[in-house]
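Here is query.txt, consisting of compact mmCIF, C-alpha atoms:
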```txt
# COMPACT_ATOMS: atom_id res chain seq x y z
CA MET A 1230 6.14 25.94 -17.77
CA LEU A 1231 7.91 22.59 -17.38
CA ARG A 1232 10.54 22.08 -20.06
CA PRO A 1233 10.30 18.80 -22.03
CA ASP A 1234 13.79 17.65 -21.01
CA ASP A 1235 13.02 18.39 -17.34
CA PHE A 1236 9.77 16.46 -17.62
CA ASP A 1237 11.58 13.48 -19.19
CA PHE A 1238 14.21 13.52 -16.44
CA LEU A 1239 11.59 13.58 -13.66
CA ALA A 1240 9.47 10.90 -15.34
CA LYS A 1241 12.52 8.61 -15.65
CA LEU A 1242 13.55 9.21 -12.03
CA LEU A 1243 10.04 8.46 -10.72
CA LYS A 1244 9.72 5.33 -12.84
CA GLU A 1245 13.06 3.98 -11.61
CA ARG A 1246 12.52 4.82 -7.94
CA SER A 1247 8.84 4.02 -7.46
CA GLY A 1248 7.40 2.45 -10.61
CA LEU A 1249 5.12 5.47 -11.04
CA VAL A 1250 4.39 6.22 -14.69
CA VAL A 1251 3.87 9.94 -15.42
CA THR A 1252 2.69 10.60 -18.97
CA PRO A 1253 3.02 14.01 -20.68
CA ASP A 1254 -0.68 14.77 -20.15
CA LYS A 1255 -0.05 14.50 -16.37
CA GLY A 1256 2.62 17.19 -16.34
CA TYR A 1257 0.32 19.36 -14.25
CA LEU A 1258 0.65 16.81 -11.42
CA LEU A 1259 4.38 17.35 -11.34
CA GLU A 1260 3.88 21.09 -11.02
CA SER A 1261 1.10 20.92 -8.42
CA ARG A 1262 3.02 18.49 -6.17
CA LEU A 1263 6.57 19.73 -6.62
CA MET A 1264 6.04 23.49 -6.36
CA PRO A 1265 5.22 23.24 -2.60
CA LEU A 1266 8.41 21.18 -2.20
CA ALA A 1267 10.39 23.87 -4.03
CA ARG A 1268 9.02 26.51 -1.66
CA THR A 1269 9.83 24.39 1.39
CA ARG A 1270 13.43 24.06 0.21
CA ASN A 1271 13.70 27.72 -0.84
CA LEU A 1272 14.16 26.79 -4.48
CA LYS A 1273 12.92 28.96 -7.33
CA GLY A 1274 10.90 26.24 -9.00
CA ILE A 1275 10.93 22.85 -10.69
CA GLU A 1276 13.82 23.84 -12.95
CA GLU A 1277 16.03 24.28 -9.89
CA ILE A 1278 14.75 21.02 -8.40
CA VAL A 1279 15.80 19.20 -11.56
CA ALA A 1280 19.20 20.90 -11.54
CA LYS A 1281 19.86 19.64 -8.01
CA LEU A 1282 18.58 16.18 -8.92
CA ARG A 1283 20.97 16.08 -11.87
CA ALA A 1284 23.72 16.84 -9.36
CA ARG A 1285 22.63 13.70 -7.47
CA ASP A 1286 20.97 15.25 -4.42
CA GLU A 1287 19.72 11.99 -2.87
CA GLY A 1288 17.70 13.68 -0.13
CA LEU A 1289 15.84 15.76 -2.68
CA ALA A 1290 15.27 12.70 -4.87
CA ARG A 1291 13.60 11.00 -1.91
CA ASP A 1292 11.45 14.06 -1.21
CA VAL A 1293 10.39 14.30 -4.86
CA THR A 1294 9.47 10.61 -4.92
CA GLU A 1295 7.47 10.95 -1.71
CA ALA A 1296 5.67 14.05 -2.96
CA MET A 1297 4.60 12.27 -6.13
CA THR A 1298 3.63 8.92 -4.61
CA THR A 1299 1.82 10.01 -1.44
CA ASN A 1300 -1.79 9.02 -2.05
CA GLU A 1301 -4.78 9.55 0.16
CA SER A 1302 -6.19 6.73 2.22
CA PHE A 1303 -9.17 6.37 4.48
CA PHE A 1304 -10.65 3.92 6.94
CA PHE A 1305 -12.60 0.91 5.59
CA ARG A 1306 -12.11 2.16 2.04
CA ASP A 1307 -14.77 0.64 -0.26
CA GLN A 1308 -16.05 -1.41 2.72
CA LYS A 1309 -16.70 -4.64 0.74
CA PRO A 1310 -13.06 -5.88 0.91
CA PHE A 1311 -13.23 -5.62 4.70
CA ASP A 1312 -16.56 -7.46 4.82
CA GLN A 1313 -14.99 -10.19 2.68
CA PHE A 1314 -12.00 -10.30 5.01
CA ARG A 1315 -14.19 -10.71 8.09
CA ASP A 1316 -16.75 -13.12 6.64
CA ILE A 1317 -14.79 -15.20 4.09
CA VAL A 1318 -11.01 -14.82 4.10
CA LEU A 1319 -10.35 -14.78 7.85
CA PRO A 1320 -12.55 -17.83 8.62
CA GLN A 1321 -10.91 -19.80 5.79
CA MET A 1322 -7.45 -18.82 6.95
CA MET A 1323 -8.26 -19.70 10.58
CA ALA A 1324 -9.45 -23.12 9.50
CA ALA A 1325 -6.30 -23.66 7.44
CA ARG A 1326 -3.99 -22.38 10.23
CA SER A 1327 -5.74 -24.06 13.16
CA GLY A 1328 -2.60 -26.04 13.92
CA LYS A 1329 -0.06 -23.26 14.27
CA LYS A 1330 -2.56 -20.47 15.12
CA SER A 1331 -0.56 -17.84 13.29
CA ILE A 1332 -1.49 -15.45 10.44
CA ARG A 1333 0.57 -12.69 8.79
CA ILE A 1334 -1.13 -9.85 6.91
CA TRP A 1335 0.58 -7.27 4.70
CA SER A 1336 -0.81 -3.84 3.87
CA ALA A 1337 1.40 -2.82 0.93
CA ALA A 1338 1.77 0.89 0.10
CA CYS A 1339 -0.07 1.58 3.34
CA SER A 1340 0.23 5.40 3.18
CA SER A 1341 -0.87 6.90 6.52
CA GLY A 1342 -2.05 3.56 7.93
CA GLN A 1343 -5.84 3.61 7.70
CA GLU A 1344 -6.10 0.27 5.88
CA ALA A 1345 -3.83 -1.51 8.36
CA TYR A 1346 -5.72 -0.07 11.33
CA SER A 1347 -9.07 -0.97 9.76
CA LEU A 1348 -7.88 -4.58 9.66
CA ALA A 1349 -6.67 -4.30 13.26
CA MET A 1350 -10.12 -3.11 14.35
CA LEU A 1351 -11.80 -6.02 12.57
CA LEU A 1352 -9.41 -8.45 14.27
CA LYS A 1353 -10.06 -6.82 17.63
CA GLU A 1354 -13.79 -7.36 17.08
CA GLN A 1355 -13.00 -11.08 16.59
CA ALA A 1356 -10.90 -11.26 19.77
CA ASN A 1357 -12.87 -14.14 21.27
CA LYS A 1358 -12.44 -16.32 18.18
CA LEU A 1359 -8.77 -15.38 17.93
CA ALA A 1360 -7.87 -16.10 21.55
CA GLY A 1361 -4.50 -17.86 21.55
CA TRP A 1362 -3.70 -16.77 18.00
CA HIS A 1363 -0.74 -14.68 16.85
CA VAL A 1364 -1.88 -12.33 14.09
CA GLU A 1365 0.70 -9.93 12.70
CA ILE A 1366 -0.10 -6.93 10.51
CA VAL A 1367 2.74 -5.26 8.62
CA GLY A 1368 2.22 -1.98 6.80
CA THR A 1369 4.87 -0.80 4.34
CA ASP A 1370 5.36 2.37 2.33
CA LEU A 1371 8.26 4.22 0.74
CA SER A 1372 7.23 7.54 2.32
CA ILE A 1373 8.88 8.09 5.69
CA GLU A 1374 6.52 11.01 6.35
CA MET A 1375 3.45 8.82 5.87
CA LEU A 1376 4.92 6.04 7.99
CA GLU A 1377 5.57 8.43 10.86
CA LYS A 1378 1.96 9.56 10.68
CA ALA A 1379 0.81 5.94 10.62
CA LYS A 1380 2.92 5.03 13.64
CA ALA A 1381 1.50 7.97 15.60
CA GLY A 1382 -2.05 6.88 14.74
CA LEU A 1383 -3.15 10.50 14.93
CA TYR A 1384 -5.91 11.62 12.55
CA SER A 1385 -7.88 14.78 11.93
CA GLN A 1386 -11.64 15.11 12.34
CA PHE A 1387 -11.94 15.01 8.55
CA GLU A 1388 -9.92 11.77 8.33
CA VAL A 1389 -11.93 9.91 10.96
CA GLN A 1390 -15.18 10.99 9.32
CA ARG A 1391 -14.19 9.27 6.06
CA GLY A 1392 -15.36 5.66 6.25
CA LEU A 1393 -14.94 5.09 9.98
CA PRO A 1394 -18.18 3.95 11.67
CA ILE A 1395 -19.04 6.12 14.66
CA GLN A 1396 -19.08 3.10 16.99
CA MET A 1397 -15.49 2.30 15.97
CA LEU A 1398 -14.44 5.90 16.59
CA VAL A 1399 -15.93 5.87 20.08
CA LYS A 1400 -14.51 2.43 20.87
CA TYR A 1401 -10.98 2.68 19.52
CA PHE A 1402 -10.02 6.38 19.45
CA LYS A 1403 -9.36 9.08 22.03
CA LYS A 1404 -9.73 12.81 21.42
CA LYS A 1405 -6.38 14.57 21.50
CA GLU A 1406 -6.78 18.34 21.16
CA GLU A 1407 -8.19 18.83 17.63
CA SER A 1408 -7.32 15.31 16.48
CA TRP A 1409 -8.17 11.70 17.28
CA GLN A 1410 -5.59 9.07 18.25
CA ILE A 1411 -6.13 5.38 17.77
CA ASP A 1412 -5.90 3.21 20.88
CA ALA A 1413 -2.38 2.19 21.95
CA ALA A 1414 -3.36 -1.50 21.93
CA LEU A 1415 -4.40 -1.24 18.29
CA ARG A 1416 -1.25 0.67 17.39
CA GLY A 1417 0.66 -2.20 18.94
CA MET A 1418 -1.03 -4.65 16.57
CA VAL A 1419 0.57 -3.08 13.49
CA GLN A 1420 4.23 -2.88 12.53
CA PHE A 1421 5.10 -0.17 10.00
CA ARG A 1422 8.22 -0.44 7.87
CA GLU A 1423 9.80 1.53 5.05
CA TRP A 1424 9.83 -0.64 1.94
CA ASN A 1425 9.73 -0.12 -1.81
CA LEU A 1426 7.55 -2.55 -3.77
CA LEU A 1427 10.08 -2.49 -6.61
CA LYS A 1428 12.83 -3.89 -4.40
CA ASP A 1429 13.50 -7.43 -3.19
CA LEU A 1430 10.61 -8.41 -0.91
CA ARG A 1431 12.26 -11.41 0.70
CA GLY A 1432 13.34 -9.37 3.71
CA LEU A 1433 9.69 -8.94 4.65
CA GLY A 1434 9.07 -12.66 5.03
CA GLN A 1435 5.98 -14.61 3.98
CA PHE A 1436 2.41 -13.34 4.22
CA ASP A 1437 -0.84 -15.31 4.31
CA ILE A 1438 -2.97 -12.33 3.22
CA VAL A 1439 -1.73 -9.41 1.11
CA PHE A 1440 -3.59 -6.13 0.57
CA CYS A 1441 -2.10 -4.35 -2.44
CA ARG A 1442 -5.07 -2.21 -3.36
CA ASN A 1443 -5.05 0.78 -5.70
CA VAL A 1444 -1.30 0.51 -6.24
CA LEU A 1445 -0.86 -1.30 -9.57
CA ILE A 1446 -2.89 1.36 -11.40
CA TYR A 1447 0.15 3.65 -11.23
CA PHE A 1448 2.49 1.14 -12.94
CA ASP A 1449 3.01 0.11 -16.55
CA GLN A 1450 2.24 -3.48 -17.59
CA PRO A 1451 5.74 -4.98 -17.17
CA THR A 1452 6.09 -3.39 -13.71
CA LYS A 1453 2.66 -4.70 -12.67
CA ALA A 1454 3.67 -8.20 -13.78
CA ALA A 1455 6.99 -8.02 -11.96
CA VAL A 1456 5.39 -6.76 -8.72
CA LEU A 1457 2.74 -9.51 -8.83
CA ASP A 1458 5.44 -12.12 -9.43
CA SER A 1459 7.45 -10.78 -6.50
CA ILE A 1460 4.39 -10.80 -4.21
CA ALA A 1461 3.50 -14.35 -5.25
CA LYS A 1462 6.92 -15.54 -4.05
CA GLN A 1463 6.13 -14.21 -0.56
CA MET A 1464 2.83 -16.09 -0.23
CA PRO A 1465 1.96 -19.67 0.75
CA GLU A 1466 0.03 -21.83 -1.69
CA ASP A 1467 -3.30 -21.05 0.03
CA GLY A 1468 -2.72 -17.30 0.47
CA PHE A 1469 -5.05 -14.47 -0.56
CA LEU A 1470 -4.24 -11.29 -2.48
CA TYR A 1471 -6.47 -8.22 -2.52
CA LEU A 1472 -6.34 -5.75 -5.41
CA GLY A 1473 -8.34 -2.56 -5.97
CA GLY A 1474 -11.68 -2.54 -7.76
CA ALA A 1475 -10.13 -1.13 -10.95
CA GLU A 1476 -7.23 -3.60 -10.93
CA THR A 1477 -6.87 -7.13 -12.26
CA VAL A 1478 -4.27 -9.83 -12.90
CA LEU A 1479 -5.93 -10.96 -16.12
CA GLY A 1480 -3.67 -10.51 -19.12
CA ILE A 1481 -0.86 -9.33 -16.82
CA SER A 1482 0.28 -12.26 -14.68
CA ASP A 1483 -0.37 -15.99 -14.55
CA ARG A 1484 0.75 -16.22 -10.92
CA PHE A 1485 -2.73 -15.43 -9.61
CA LYS A 1486 -6.32 -16.19 -10.51
CA PRO A 1487 -9.56 -14.57 -9.28
CA MET A 1488 -11.23 -16.19 -6.29
CA ALA A 1489 -14.50 -17.67 -7.50
CA GLY A 1490 -17.44 -15.38 -6.78
CA GLN A 1491 -15.36 -12.78 -4.89
CA ARG A 1492 -14.46 -9.62 -6.78
CA GLY A 1493 -11.07 -8.17 -5.91
CA ILE A 1494 -9.63 -11.29 -4.21
CA TYR A 1495 -7.05 -13.49 -5.90
CA CYS A 1496 -5.47 -16.84 -5.11
CA LEU A 1497 -2.23 -18.32 -6.36
CA ASN A 1498 -2.70 -20.06 -9.68
CA HIS A 1499 -1.66 -23.70 -9.52
CA ASP A 1500 -3.04 -24.57 -13.00
CA GLY A 1501 0.13 -23.72 -14.90
CA PRO A 1502 1.06 -20.75 -17.08
CA SER A 1503 -1.49 -18.85 -19.12
CA THR A 1504 -0.96 -15.84 -21.36
CA GLY A 1505 0.23 -13.31 -18.80
CA PHE A 1506 2.49 -10.37 -19.60
CA PRO A 1507 6.19 -11.38 -19.71
CA VAL A 1508 7.81 -10.79 -16.33
CA LYS A 1509 11.06 -8.88 -15.93
CA PRO A 1510 12.63 -9.39 -12.50
CA LEU A 1511 12.64 -6.38 -10.17
CA ALA A 1512 15.87 -4.87 -8.89
```
Rewrite the structure from the file as C-alpha cells, please.
Amino acid sequence: MLRPDDFDFLAKLLKERSGLVVTPDKGYLLESRLMPLARTRNLKGIEEIVAKLRARDEGLARDVTEAMTTNESFFFRDQKPFDQFRDIVLPQMMAARSGKKSIRIWSAACSSGQEAYSLAMLLKEQANKLAGWHVEIVGTDLSIEMLEKAKAGLYSQFEVQRGLPIQMLVKYFKKKEESWQIDAALRGMVQFREWNLLKDLRGLGQFDIVFCRNVLIYFDQPTKAAVLDSIAKQMPEDGFLYLGGAETVLGISDRFKPMAGQRGIYCLNHDGPSTGFPVKPLA
C-alpha cells in the first residue's frame, strides 16, 4: 500500500518534471506503472523507489517520469484530424507558403512516432503537389525509450493493425522477422528530438502546424494555459494547432480560437484578450 507521504512526493515530482497531475484516486496508476520499474532495478517496491528519489537519484527520476508519461499511440488515430490535414489545412498552408515553399510541422508528445509517420505518409501521397517543397516534420517527447522506438520505425503486428490502412502497410512497410519497419525514406522525413513541453520551446524554432493532441488532458488548468501560451509563441500568425477531441482552449487561453466549422483545429486569436485562465510562464 502506497503511503500518503510517498504518494505526495511522487505526485509533486511528476507535476514538476512533466506537468502530469496524479490525484489520490489515481494512486493505483503509480503502483501499476512503477512496480515493473522496481523489479527491473531490483528494488523491493515503491517505498524504496521513493527513498532513492529523495536521495536525488536523477536517473531513477527520469525512469519514473517516463514510466508514468508513456502513453499509447497508433497510426491515423481518430482519422478525422488527418483528413482535415490533407483536405483543408495542407492546401491552405501551401497557398500561403507558395513563395518560400517551406512548411514545418510539429508532433508534440509524439510517443513512439505513429502520429508523425501518419503525417509523413499523407505528405508522401501528395508528392506530386509538393514537388520542390521542403516539408519538415519534428516529433518530440520526453521519453528517450519511446524516441528510440520512433527512430527505428519498427512496429509489431498489433501496432500496425491499429488504424493503419492495409494499402499503407503494403506500400510503406517491410516485414522484418515478427515486426514491420517503416520505409527508410519515410523515416528520413521525420526528425525526433527529446523535449519537455514544460521547458522553453524556443530552441525548437517556429512551426506552421502543431499537433498537440491528447496531451493537455493530463495537465491542470494553469499548466494547460502556460503550455498553450508557449506554443503560440512558436507559431506564425496563420498557423494551425490541433488538439484532441476532448480538449479545448475555451476558458483556458485567449491565445487561440477554434477554426470555424472544424472541430479540433485552432488558429491564433488576433481579436485581443478574452477571459482565458491566467498564464504563469513555464520554466
Between A:Gly1434, A:Met1418, A:Gly1328, A:Val1318, which one has atoms that come closest to Cys1496 in chain A, using only C-alpha atoms?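 Closest to Cys1496 in chain A, using only C-alpha atoms: A:Val1318.
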Taking only C-alpha atoms into account, which of A:Ile1395, A:Ile1332, A:Met1375, A:Val1389 comes nearest Trp1409 in chain A?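 Checking each candidate against Trp1409 in chain A, we get A:Val1389 as the closest.
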Return the single residue from A:Lys1244, A:Arg1484, A:Arg1416, A:Arg1306 that is closest to Phe1402 in chain A, with distances computed using all atoms listed in the file.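 When distances to Phe1402 in chain A are compared using all atoms listed in the file, the smallest one comes from A:Arg1416.
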Distance criterion (all atoms listed in the file): nearest to Pro1451 in chain A out of A:Met1323, A:Met1464, A:Gln1355, A:Gly1480: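 Among the listed residues, A:Gly1480 lies closest to Pro1451 in chain A.
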What's the 8 Å shell around His1363 in chain A, counting all atoms listed in the file, without same-chain residues fewer than 2 positions away, as a ChimeraX atom specification? /A:1330-1332,1361,1365
May I have the selected residues written with C-alpha atoms, as a compact mmCIF listing (two decimals), in the coordinates of the input?
```txt
# COMPACT_ATOMS: atom_id res chain seq x y z
CA LYS A 1330 -2.56 -20.47 15.12
CA SER A 1331 -0.56 -17.84 13.29
CA ILE A 1332 -1.49 -15.45 10.44
CA GLY A 1361 -4.50 -17.86 21.55
CA GLU A 1365 0.70 -9.93 12.70
```
